[in-house]
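Asker: This is the structure I want to talk about, given as structure tokens.
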Amino acid sequence: MTDLKGVELQFAVGDLPLQSGALLRDTTLSYLQFGELNDAADNLILLPTYYGGTHMGITPLIGAHGPLDPAHYCIVIPNLIGNGCSTSPTFAHATQMGGHFPQVTLLDNVLAQQKLVVERFDNATLALVMGWSMGGMQALQWGCSFPDQVRRIISVCATARCWPHNQVFLEGVKAALTCDSAWQDGFYTRAPEAGLRAFARVYAGWAYSQAFFRNALYRELGHDSIDALLAYWEEDHLGQDANNLLAVLASWQNADISANAQYAGDLTAALQAIRARTLIMPCSTDLYFTEYDAAWEAKQMANAECRPLVSDWGHCAGAPGRNPKDTRSILDACAELLASS
């Protein structure tokens, strides 16, 4: 492995006990690694993945152009269970494929990741856990589940739980997909293409802000019209598996860092348990991970700052590399946090 090229690796978690009481059999965690763990085992950074993406979507953040430099850090990008790279409805034990896939929570994901850190990375203290969207939710889960192991957190366009309006948004996109007659309750014999197209079109209207469309910022992404942007979203989702999308959506919709035996649903207690230096970075125009919800959560943490991204790009302000200005703001904040003791 060199410091300049990431290597795709697999970690055999084994049978993973889930919060639901089920057992995810022969679980594999796929991850991308840049750089090497140092002798002190204190340079490990985790960048968990986001909804609809894989490790490749995180790579615009990494390199000597910013603070996430593999010459100095061992950077690991673990894939969400269900995203098609780690164990998923399309990549599972024969008894749990497709519509048989069990519900997996973000805590289930973090426990699998922690086992990876223990067995592959000498149970290292994490210099930083940072993520966008569901990646940020996992970062906060790490912070309260393993407060002694995490030194710094950056949560971008994310919250510690899926708040009610966020859940309603997800019900809408889920309904658009599952209304396709080809869906067959997850036991489809052909892809529910009409549902995937509808899912993509509904989602696109939420991912960006009203100002993004009003000011035609989609042109900065190479699309000359709203129709062109929507066609791009359709094609992207047609390349994904419906069961995978819904498996990860369930993890998101049920996300709550306090929904476990450790905190018994007490979100304030879970937030107060996070001791890491934390930056909460909501976008001012995010329609579902709202600045209001993120700011309230930050106030419950002893060592957190809420630093909003003032942007017209909505939730996608946090997408790695999507809007260079917003990505630069995130990397600058990351450099500042990593320089702190």
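Numbering starts fresh at 1 for the residues of each chain in the structure tokens, the chains themselves are lettered A, B, ... in the order given, and ligands are numbered from 1 as they appear.
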Show which residues sit within 8 Å of A:Ile257, as number ranges by chain. Count only C-alpha atoms, and ignore same-chain residues fewer than 5 positions away.

Answerer: A: 107, 140-141, 144, 160-161, 267, 270

Asker: Residues of stretch 51-256 of chain A in strand (DSSP E or B) according to DSSP, as number ranges by chain?

Answerer: A: 74-78, 88, 91, 126-132, 150, 152-156, 161, 256

Asker: Write out, as an mmCIF file, in the first residue's frame, the residues just selected, with N, CA, C and O atoms.

Answerer:
data_model
loop_
_atom_site.group_PDB
_atom_site.id
_atom_site.type_symbol
_atom_site.label_atom_id
_atom_site.label_comp_id
_atom_site.auth_asym_id
_atom_site.auth_seq_id
_atom_site.Cartn_x
_atom_site.Cartn_y
_atom_site.Cartn_z
ATOM 1 N N CYS A 74 -3.823 7.573 8.721
ATOM 2 C CA CYS A 74 -4.404 6.335 8.197
ATOM 3 C C CYS A 74 -5.905 6.585 8.088
ATOM 4 O O CYS A 74 -6.589 6.746 9.112
ATOM 5 N N ILE A 75 -6.404 6.649 6.874
ATOM 6 C CA ILE A 75 -7.779 7.056 6.618
ATOM 7 C C ILE A 75 -8.564 5.846 6.120
ATOM 8 O O ILE A 75 -8.199 5.217 5.124
ATOM 9 N N VAL A 76 -9.637 5.535 6.826
ATOM 10 C CA VAL A 76 -10.439 4.351 6.519
ATOM 11 C C VAL A 76 -11.866 4.793 6.225
ATOM 12 O O VAL A 76 -12.475 5.532 7.004
ATOM 13 N N ILE A 77 -12.396 4.319 5.097
ATOM 14 C CA ILE A 77 -13.768 4.624 4.684
ATOM 15 C C ILE A 77 -14.569 3.329 4.724
ATOM 16 O O ILE A 77 -14.533 2.532 3.781
ATOM 17 N N PRO A 78 -15.302 3.072 5.822
ATOM 18 C CA PRO A 78 -16.102 1.847 5.903
ATOM 19 C C PRO A 78 -17.451 2.026 5.204
ATOM 20 O O PRO A 78 -18.138 3.030 5.388
ATOM 21 N N SER A 88 -25.128 -6.886 2.037
ATOM 22 C CA SER A 88 -26.314 -6.168 1.552
ATOM 23 C C SER A 88 -27.321 -7.183 1.027
ATOM 24 O O SER A 88 -26.995 -8.362 0.859
ATOM 25 N N PHE A 91 -25.746 -8.988 -1.580
ATOM 26 C CA PHE A 91 -24.449 -9.573 -1.251
ATOM 27 C C PHE A 91 -24.528 -10.071 0.190
ATOM 28 O O PHE A 91 -24.043 -9.451 1.116
ATOM 29 N N LEU A 126 -9.338 7.067 17.824
ATOM 30 C CA LEU A 126 -9.664 7.710 16.561
ATOM 31 C C LEU A 126 -9.342 9.199 16.639
ATOM 32 O O LEU A 126 -9.922 9.924 17.464
ATOM 33 N N ALA A 127 -8.433 9.634 15.798
ATOM 34 C CA ALA A 127 -8.109 11.062 15.754
ATOM 35 C C ALA A 127 -9.318 11.879 15.312
ATOM 36 O O ALA A 127 -9.503 13.017 15.749
ATOM 37 N N LEU A 128 -10.157 11.274 14.460
ATOM 38 C CA LEU A 128 -11.332 11.970 13.931
ATOM 39 C C LEU A 128 -12.299 10.948 13.346
ATOM 40 O O LEU A 128 -11.877 9.986 12.687
ATOM 41 N N VAL A 129 -13.578 11.145 13.605
ATOM 42 C CA VAL A 129 -14.632 10.487 12.828
ATOM 43 C C VAL A 129 -15.432 11.607 12.184
ATOM 44 O O VAL A 129 -15.925 12.505 12.866
ATOM 45 N N MET A 130 -15.546 11.552 10.863
ATOM 46 C CA MET A 130 -16.157 12.658 10.120
ATOM 47 C C MET A 130 -17.049 12.084 9.028
ATOM 48 O O MET A 130 -16.692 11.110 8.363
ATOM 49 N N GLY A 131 -18.220 12.696 8.837
ATOM 50 C CA GLY A 131 -19.080 12.211 7.774
ATOM 51 C C GLY A 131 -20.154 13.204 7.397
ATOM 52 O O GLY A 131 -20.508 14.106 8.171
ATOM 53 N N TRP A 132 -20.659 13.015 6.196
ATOM 54 C CA TRP A 132 -21.776 13.792 5.661
ATOM 55 C C TRP A 132 -23.029 12.936 5.698
ATOM 56 O O TRP A 132 -22.997 11.745 5.390
ATOM 57 N N VAL A 150 -12.844 8.206 20.817
ATOM 58 C CA VAL A 150 -12.987 9.206 19.762
ATOM 59 C C VAL A 150 -12.517 10.565 20.276
ATOM 60 O O VAL A 150 -13.054 11.089 21.250
ATOM 61 N N ARG A 152 -12.139 13.467 18.137
ATOM 62 C CA ARG A 152 -12.759 14.581 17.413
ATOM 63 C C ARG A 152 -13.865 14.041 16.506
ATOM 64 O O ARG A 152 -13.763 12.916 15.991
ATOM 65 N N ILE A 153 -14.877 14.875 16.292
ATOM 66 C CA ILE A 153 -16.004 14.518 15.425
ATOM 67 C C ILE A 153 -16.344 15.718 14.563
ATOM 68 O O ILE A 153 -16.373 16.850 15.051
ATOM 69 N N ILE A 154 -16.628 15.459 13.288
ATOM 70 C CA ILE A 154 -17.258 16.457 12.425
ATOM 71 C C ILE A 154 -18.481 15.802 11.796
ATOM 72 O O ILE A 154 -18.375 14.781 11.113
ATOM 73 N N SER A 155 -19.642 16.389 12.062
ATOM 74 C CA SER A 155 -20.904 15.885 11.523
ATOM 75 C C SER A 155 -21.460 16.943 10.579
ATOM 76 O O SER A 155 -21.826 18.035 11.010
ATOM 77 N N VAL A 156 -21.505 16.614 9.286
ATOM 78 C CA VAL A 156 -21.890 17.567 8.244
ATOM 79 C C VAL A 156 -23.283 17.225 7.724
ATOM 80 O O VAL A 156 -23.524 16.097 7.268
ATOM 81 N N ARG A 161 -30.404 11.943 15.477
ATOM 82 C CA ARG A 161 -31.559 11.084 15.267
ATOM 83 C C ARG A 161 -32.247 11.531 13.980
ATOM 84 O O ARG A 161 -32.003 12.641 13.497
ATOM 85 N N ASP A 256 -31.227 6.811 15.759
ATOM 86 C CA ASP A 256 -31.341 7.563 17.015
ATOM 87 C C ASP A 256 -30.201 7.062 17.893
ATOM 88 O O ASP A 256 -30.195 5.888 18.289
#

Asker: Can you tell me, as a VMD selection string, what residues are no more than 12 Å from A:Ile58 when counting only C-alpha atoms, ignoring any on the same chain fewer than 6 positions away?

Answerer: chain A and resid 6 31 to 34 46 to 52 68 75 to 79 130 to 133 135 318 to 322 327

Asker: Show which residues sit within 12 Å of A:Phe213, as an NGL selection string. Count only C-alpha atoms, and ignore same-chain residues fewer than 4 positions away.

Answerer: :A and (204-209 or 217-220 or 223-227 or 229-230 or 312-314)

Asker: Excluding same-chain residues fewer than 3 positions from A:Leu18, what lies within 8 Å of it counting only C-alpha atoms, as a list of chain:residue names?

Answerer: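 Listed by chain and then number, they are A:Gly21, A:Ala22, A:Leu23, A:Leu24, A:Gln103, A:Val104, A:Thr105, A:Asp108.
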
Asker: Neighbouring residues of A:Ser145 were defined as those with any atom within 12 Å, considering only C-alpha atoms; residues of the same chain fewer than 5 positions away were excluded. Please report them as a PyMOL selection string.

Answerer: chain A and resi 106-111+113-114+138-140+150+256-263+269-276

Asker: Please indicate the distance in Å from atom CA of A:Gly84 to atom CA of A:Gln96, rounded to one decimal place.

Answerer: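 Between atom CA of A:Gly84 and atom CA of A:Gln96 the gap is 13.8 Å.
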
Asker: What is the atom CA of A:Cys162 to atom CA of A:Ser251 distance in Å?

Answerer: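 For atom CA of A:Cys162 relative to atom CA of A:Ser251, the distance reads 9.8 Å.
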
Asker: Using DSSP assignments from the backbone, pull out every residue in stretch 169-310 of chain A that falls under helix (DSSP H, G or I) and give it to me as an NGL selection string.

Answerer: :A and (169-178 or 184-186 or 193-207 or 210-214 or 217-221 or 226-238 or 242-253 or 267-272 or 291-300)

Asker: Show me, as a list in words, the residues that have an atom within 12 Å of A:Thr178 when counting only C-alpha atoms, minus same-chain residues fewer than 2 positions from it.

Answerer: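 Counting only C-alpha atoms, the residues come to Glu171, Gly172, Val173, Lys174, Ala175, Ala176, Asp180, Ser181, Ala182, Trp183, Gln184, Asp185, Gly186, Phe187, Tyr188, Ala191, Pro192, Glu193, Ala194, Gly195, Leu196, Arg197, Ala198, Phe199, Ala242, Asn243, Leu245 and Leu246 of chain A.
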
Asker: Using only C-alpha atoms, find the one residue out of A:Gln167, A:Gln240, A:Asn323, A:Thr159 that sits nearest to A:Met281.

Answerer: A:Thr159

Asker: Given the choices A:Gly143, A:Gly35, A:Pro324, A:Gly99, which gets closest to A:Ala71 if the distance is worked out from only C-alpha atoms?

Answerer: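 Closest to A:Ala71 of all the choices is A:Gly35.
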